[in-house]
Every structure is written in structure tokens, then in C-alpha cells.
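Engineer: If you scroll down you'll find the structure; I have some questions about it.
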Amino acid sequence: MPEAEAAPRAPQRRRPRYRRQLRSRIILAFVLLGFGLTALFAFATNWTRNRVETELVEDVMNSNIDEYARQYYSAPDRQPEIQVQQMYARHVRRERFEELRAEEPDWYELSDGIHNISGTDENGEPFAYKLAVRKTPDEWFFLAYDMTQAMRGEEQFNRAIFSSVVVFTLLSLLVGWWAASRVMSPVSELARRLKLSGRSAQPEALAAHFPGDEVGQLAEALDDYAARLTDVVQRDREFNADVSHELRTPLAVIKGAVELLLSRPDVDEKTRNRLLRIQRAEQQCTDLISALLLLSRDERGHGATDVGKVADQLLDAHRAQIVGKSLELRIEGERGLVVDAPEAAVAVALGNLIGNAVKYTPSGAVVVRLHAGEVEVVDSGPGLSPEDAAKLFERGYRGTHAGHSQGGGIGLSIVRRLCALYGWNVRVAPGQVQGVVATLTFSETRPGP
């Protein structure tokens, strides 16, 4: 079920992901750059080392196994000599191939070439060696090159490389921290001065405190913006003061003239009703002007307003305007709801809700229900469409049931702004059976007399 709600819009600051996000980005950029370059250099160095070492060892093994085979064929009765340390050579004749399967099953299955063999011995110590294999129909030649020392050296080299990556990453962090502090120092100073300048009516010039770099250009732009904004605010204040004076004066004249006419005993009933209508219109204008002036100044007034009394006055005013319309206006609930706000603000907020209910309800009833801390306006009108619920509190929006009725669509927008100013809450939702239920909840109330 769609529901339109306008909660008080208190100023909220977005929680930053970092305490100083731009400074953190600069530091992070330096850390990632240092880590990336160091890690890339370490990877390239390790890869080059392994490749060169592998090529050297394989060249030595290929040349030695060929020499080993040549020596064997030249003198089959004499054991060939290996001139390189860390090598073990073995040849196997055809009649001993099956013995090799039992002794070295891995060697038996290997094809010609150089193979990497690794594992652990009977003492649990790791070992690694390269094995060169040359197989002929009658003779198999094997040449093993011990890589255990090379493997240990590689582990030490890798530890040194990883330590270098950590050291240079920490160094990048320190450099980034220093650079970020130097870069962000003028920006932080600009933010500090800008915050202090907002405490006075006239903004302080910022550009004079900074050199003519990018931060200085930003300070000049802020000074220009502050000057234009101050001019706009000053004109707005002058306009508000002029409106307050120029509109209240004729309204006071109208009020005095109406009261004077009502005090005459020779006024007939028809004329008296018209004068009362003028008097109610004058009061509505006065309340609206007061509320709008408070909104324009962003000034929260105080008072002790009886909501039930205001609701009675508003319903009486509307009863005189619904002649010929089968519509009942009544108030329900316990009296005594008192709000800390000027009567004009409460009258405008509640009056717009009641006015909309009366305007869009052709027949039935409009009921004002008083509760503890809130008031409901329930009507039996055509209800609320999903489109209306989504845009109801937008300035200038007129509902789908507005038709050719008068109004600029700013009533509920004013209600929303009043709620934001006083911390109230207003919501409009479809009724359980038909019509609409508008609820105005007050944040601060006082016990009634």
C-alpha cells in the first residue's frame, strides 16, 4: 500500500570512508606504486635468475652426459670419469633393465631429456636434482646433478627478495605520508579558515592567506562565491522585512475594519456571515505570512499552541465554505495536546491537511482525530494513487484528482518545510476502506491545562 511521508530533514554529514579521504588516496597511491614496482622487479629478478641457472645447469649436463657416453663406448671395460662435482653418472645394459625397474622405477619410465626430480630422503630431508637421460636399445645412460644446494640458495634469495619488497613498500608508505602531508596542508588550512569564517555575518577573505597556486585559485573562487551568496542573503532578508511590513499593515486595516463592522448592532445576518468569512480569510493570511517568514529566515519560533483549539477554528472556517455539499466535519479524541510552536505554524500545517481533505472529498466525512503527540485527518474521498503518493510533497505537484480546482500545488510543500524546521513528521497514506489518512506527528508537546 503506497504511503507518502515527509520526515524532518535534519542536516546530516555523510560518514567518510577515511578520516581524510584525499590524503589517504595519495598515501595509498604511493604504497601501491612502491609495492608494485618492487614486486615486479623482484619477480623479474627471480625469473631471470632461475632461467639463467636452469640453462647453465642443463648445458653442463647435456655436454657431460654426451662425454660420459663417448667415454663408455671408447672403453667399455673402464668406468668413465666425470669432471664436474655434484654429479652422479650411471649406465645400464640391456640385461639389467629390469633390475633398474626395481631399483629406480622413476628412472625406468623417463624418456630422453632432462627431468626435475624432488622429494625427501629417509631422514626427512628435502632433496632435488636434475636427471639427464639418454636411452639406446642396448645401453641407458643417466646423469644426475644435485640441486639441493641450489634450492637452498634459491630459498635464501627469495627471502631476501621478499624482505626487499616489504622494506621498499614501507619506505613508499613513509614517502607517501610525507608527500600527502605537504600536499594537503594548504587544503586543510583552507578548510579550517572556511569553517571559521562561517561563524560571522561577513565572510573572511581567504585568498590573502594563500599563494597564487591551485589552492589560492580555489580560495579566490570561494571568496567570490561567498560575496555573491552574502549579497543574495542580504537581499532576501530585506525582502522578508519589506514583505512583513507591507503585508501586515493592510491586513491589520482589514482586521480592524471587520471588527468594527461586526460590532455594529444593525448588521444583518447575511452581511455578518460575509464579514466573518473575511475575518477568517484575514486570519489565514496572517498565519500564512508568519509561517512563510519563519521558513525564509530558517527561524524556529516558540509558543504553547493548543492543537484542538486550532483544529476547531479550522473546521469552523471550512463549514462556512461547504454550503450545498453533503460533507460532515467533526473532531474526535481527547483534548489537551499542546505543541511548542507558534499558533500560525500549527494552523498552516494542519490547515493544509484539512483543506486538502475537504477539497477532494465530495461527500461523507472529514474527521480530525487527536492523539497523544499527533493528529490525524481522515477523509472518505477518492483515495490516493501510487503516482500521487510518490510526488505528493513535491512543490507545484497537483494530484490526479485536482481537476480544475484552484491551487498551485505548494500547500503540502510548505507543510514539509515546516516539519523540517520544527522536527515534526507528516505522512499521507490510503485509508483502510477508502479515502486518505494524513498524520501529523509533533516532536515536542506539552501537557494541556
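The way I read the labels, and the way they are meant: chains A, B, ... in the order of the C-alpha cells, residue 1 as the first residue of every chain, and ligand 1 as the first ligand shown, with later ones counted on from there.
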Would you mind listing what lies within 8 Å of A:Leu28 as a ChimeraX atom specification, with only C-alpha atoms counted and same-chain residues fewer than 4 positions away left out?
Structural biologist: /A:24,32,173,176
Engineer: Just write the chosen residues, N, CA and C atoms, as a compact mmCIF listing (two decimals), in the first residue's frame.
Structural biologist:
# COMPACT_ATOMS: atom_id res chain seq x y z
N SER A 24 44.43 10.02 2.23
CA SER A 24 44.57 8.56 2.24
C SER A 24 44.79 8.04 0.83
N LEU A 32 50.97 1.63 -3.21
CA LEU A 32 50.74 0.69 -4.31
C LEU A 32 51.84 0.82 -5.37
N LEU A 173 55.45 3.99 1.89
CA LEU A 173 54.44 4.49 2.82
C LEU A 173 54.91 5.76 3.51
N GLY A 176 54.98 8.53 0.93
CA GLY A 176 53.61 8.95 0.62
C GLY A 176 53.00 9.76 1.75
Engineer: Could you give me, as a PyMOL selection string, each residue of stretch 48-193 of chain A that DSSP assigns to helix (DSSP H, G or I) when run on this structure's backbone?
Structural biologist: chain A and resi 48-74+94-103+105-109+148-193
Engineer: Give me every strand (DSSP E or B) residue in stretch 104-232 of chain A, going by DSSP on the backbone, as a ChimeraX atom specification.
Structural biologist: /A:113-120,126-135,139-146
Engineer: Identify, on the basis of only C-alpha atoms, every residue whose closest approach to A:Phe442 does not exceed 8 Å; exclude the query and any residue fewer than 4 positions from it along the same chain; express the result as a ChimeraX atom specification.
Structural biologist: /A:339,373-374,423-425
Engineer: Atoms to include: N, CA and C atoms. Write the selected residues as a compact mmCIF listing (two decimals), in the first residue's frame.
Structural biologist:
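Saved result, selection_27.txt, follows:
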# COMPACT_ATOMS: atom_id res chain seq x y z
N VAL A 339 1.46 22.11 21.70
CA VAL A 339 2.71 22.00 20.94
C VAL A 339 3.56 23.23 21.18
N GLY A 373 0.48 13.30 21.08
CA GLY A 373 1.64 13.61 20.27
C GLY A 373 1.39 13.69 18.79
N GLU A 374 0.17 13.45 18.30
CA GLU A 374 -0.09 13.53 16.88
C GLU A 374 -1.57 13.78 16.62
N GLY A 423 11.03 19.80 13.35
CA GLY A 423 11.30 18.41 13.73
C GLY A 423 10.05 17.56 13.79
N TRP A 424 9.00 17.96 13.08
CA TRP A 424 7.77 17.16 13.03
C TRP A 424 7.88 16.12 11.92
N ASN A 425 6.83 15.34 11.81
CA ASN A 425 6.77 14.33 10.77
C ASN A 425 5.35 14.29 10.21
Engineer: Under the rule that only C-alpha atoms are counted, which of A:His115, A:Arg330, A:Arg235, A:Arg335 is the nearest residue to A:Ala365?
Structural biologist: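 Between A:His115, A:Arg330, A:Arg235, A:Arg335, the residue approaching A:Ala365 most closely is A:Arg330.
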Engineer: Taking only C-alpha atoms into account, which of A:Val338, A:Ile414, A:Val307, A:Ala128 comes nearest A:Arg369?
Structural biologist: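 For A:Arg369, the nearest of the candidates is A:Val307.
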Engineer: Tell me, as a count of residues only, which residues lie within 12 Å of A:Val426, counting only C-alpha atoms; anything in the same chain fewer than 2 positions away does not count.
Structural biologist: 38
Engineer: Which is closest to A:Arg277 among A:Leu292, A:Ala317, A:Ala341, A:Leu421, if we use only C-alpha atoms?
Structural biologist: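 Nearest to A:Arg277: A:Ala317.
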Engineer: Identify, on the basis of only C-alpha atoms, every residue whose closest approach to A:Arg193 does not exceed 10 Å; exclude the query and any residue fewer than 4 positions from it along the same chain; express the result as a PDB file with C-alpha atoms, in the first residue's frame.
Structural biologist:
ATOM      1  CA  VAL A 187      43.871  22.401   1.630  1.00  0.00           C
ATOM      2  CA  SER A 188      43.415  21.625   5.332  1.00  0.00           C
ATOM      3  CA  GLU A 189      44.291  25.220   6.202  1.00  0.00           C
ATOM      4  CA  SER A 197      34.630  32.335   8.515  1.00  0.00           C
ATOM      5  CA  GLY A 198      31.114  30.861   8.689  1.00  0.00           C
ATOM      6  CA  GLU A 204      36.544  36.490   5.905  1.00  0.00           C
ATOM      7  CA  ALA A 205      38.669  36.894   2.774  1.00  0.00           C
ATOM      8  CA  LEU A 206      40.572  33.651   2.190  1.00  0.00           C
ATOM      9  CA  HIS A 209      46.318  33.825   3.167  1.00  0.00           C
TER      10      HIS A 209
END
Engineer: Do you know which residues are at most 8 Å from stretch 219-234 of chain A counting only C-alpha atoms, after dropping those on the same chain fewer than 2 positions away, and could you put them as a list in words?
Structural biologist: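 So, after excluding close chain neighbours, the residues are Leu190, Gln202, Pro203, Ala205, Leu206, Ala207, Phe210, Val215, Gly216, Gln217, Asp236, Arg237 and Glu238 of chain A.
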Engineer: Mind writing the picked residues with C-alpha atoms as an mmCIF file, in the first residue's frame?
Structural biologist:
data_model
loop_
_atom_site.group_PDB
_atom_site.id
_atom_site.type_symbol
_atom_site.label_atom_id
_atom_site.label_comp_id
_atom_site.auth_asym_id
_atom_site.auth_seq_id
_atom_site.Cartn_x
_atom_site.Cartn_y
_atom_site.Cartn_z
ATOM 1 C CA LEU A 190 41.755 26.458 3.647
ATOM 2 C CA GLN A 202 30.527 38.791 6.980
ATOM 3 C CA PRO A 203 32.804 36.114 5.472
ATOM 4 C CA ALA A 205 38.669 36.894 2.774
ATOM 5 C CA LEU A 206 40.572 33.651 2.190
ATOM 6 C CA ALA A 207 42.725 34.334 -0.867
ATOM 7 C CA PHE A 210 47.423 31.586 0.278
ATOM 8 C CA VAL A 215 44.736 26.354 -3.636
ATOM 9 C CA GLY A 216 44.943 30.112 -3.965
ATOM 10 C CA GLN A 217 42.710 29.995 -7.044
ATOM 11 C CA ASP A 236 16.418 38.046 0.916
ATOM 12 C CA ARG A 237 16.424 39.451 4.437
ATOM 13 C CA GLU A 238 15.494 42.896 3.170
#
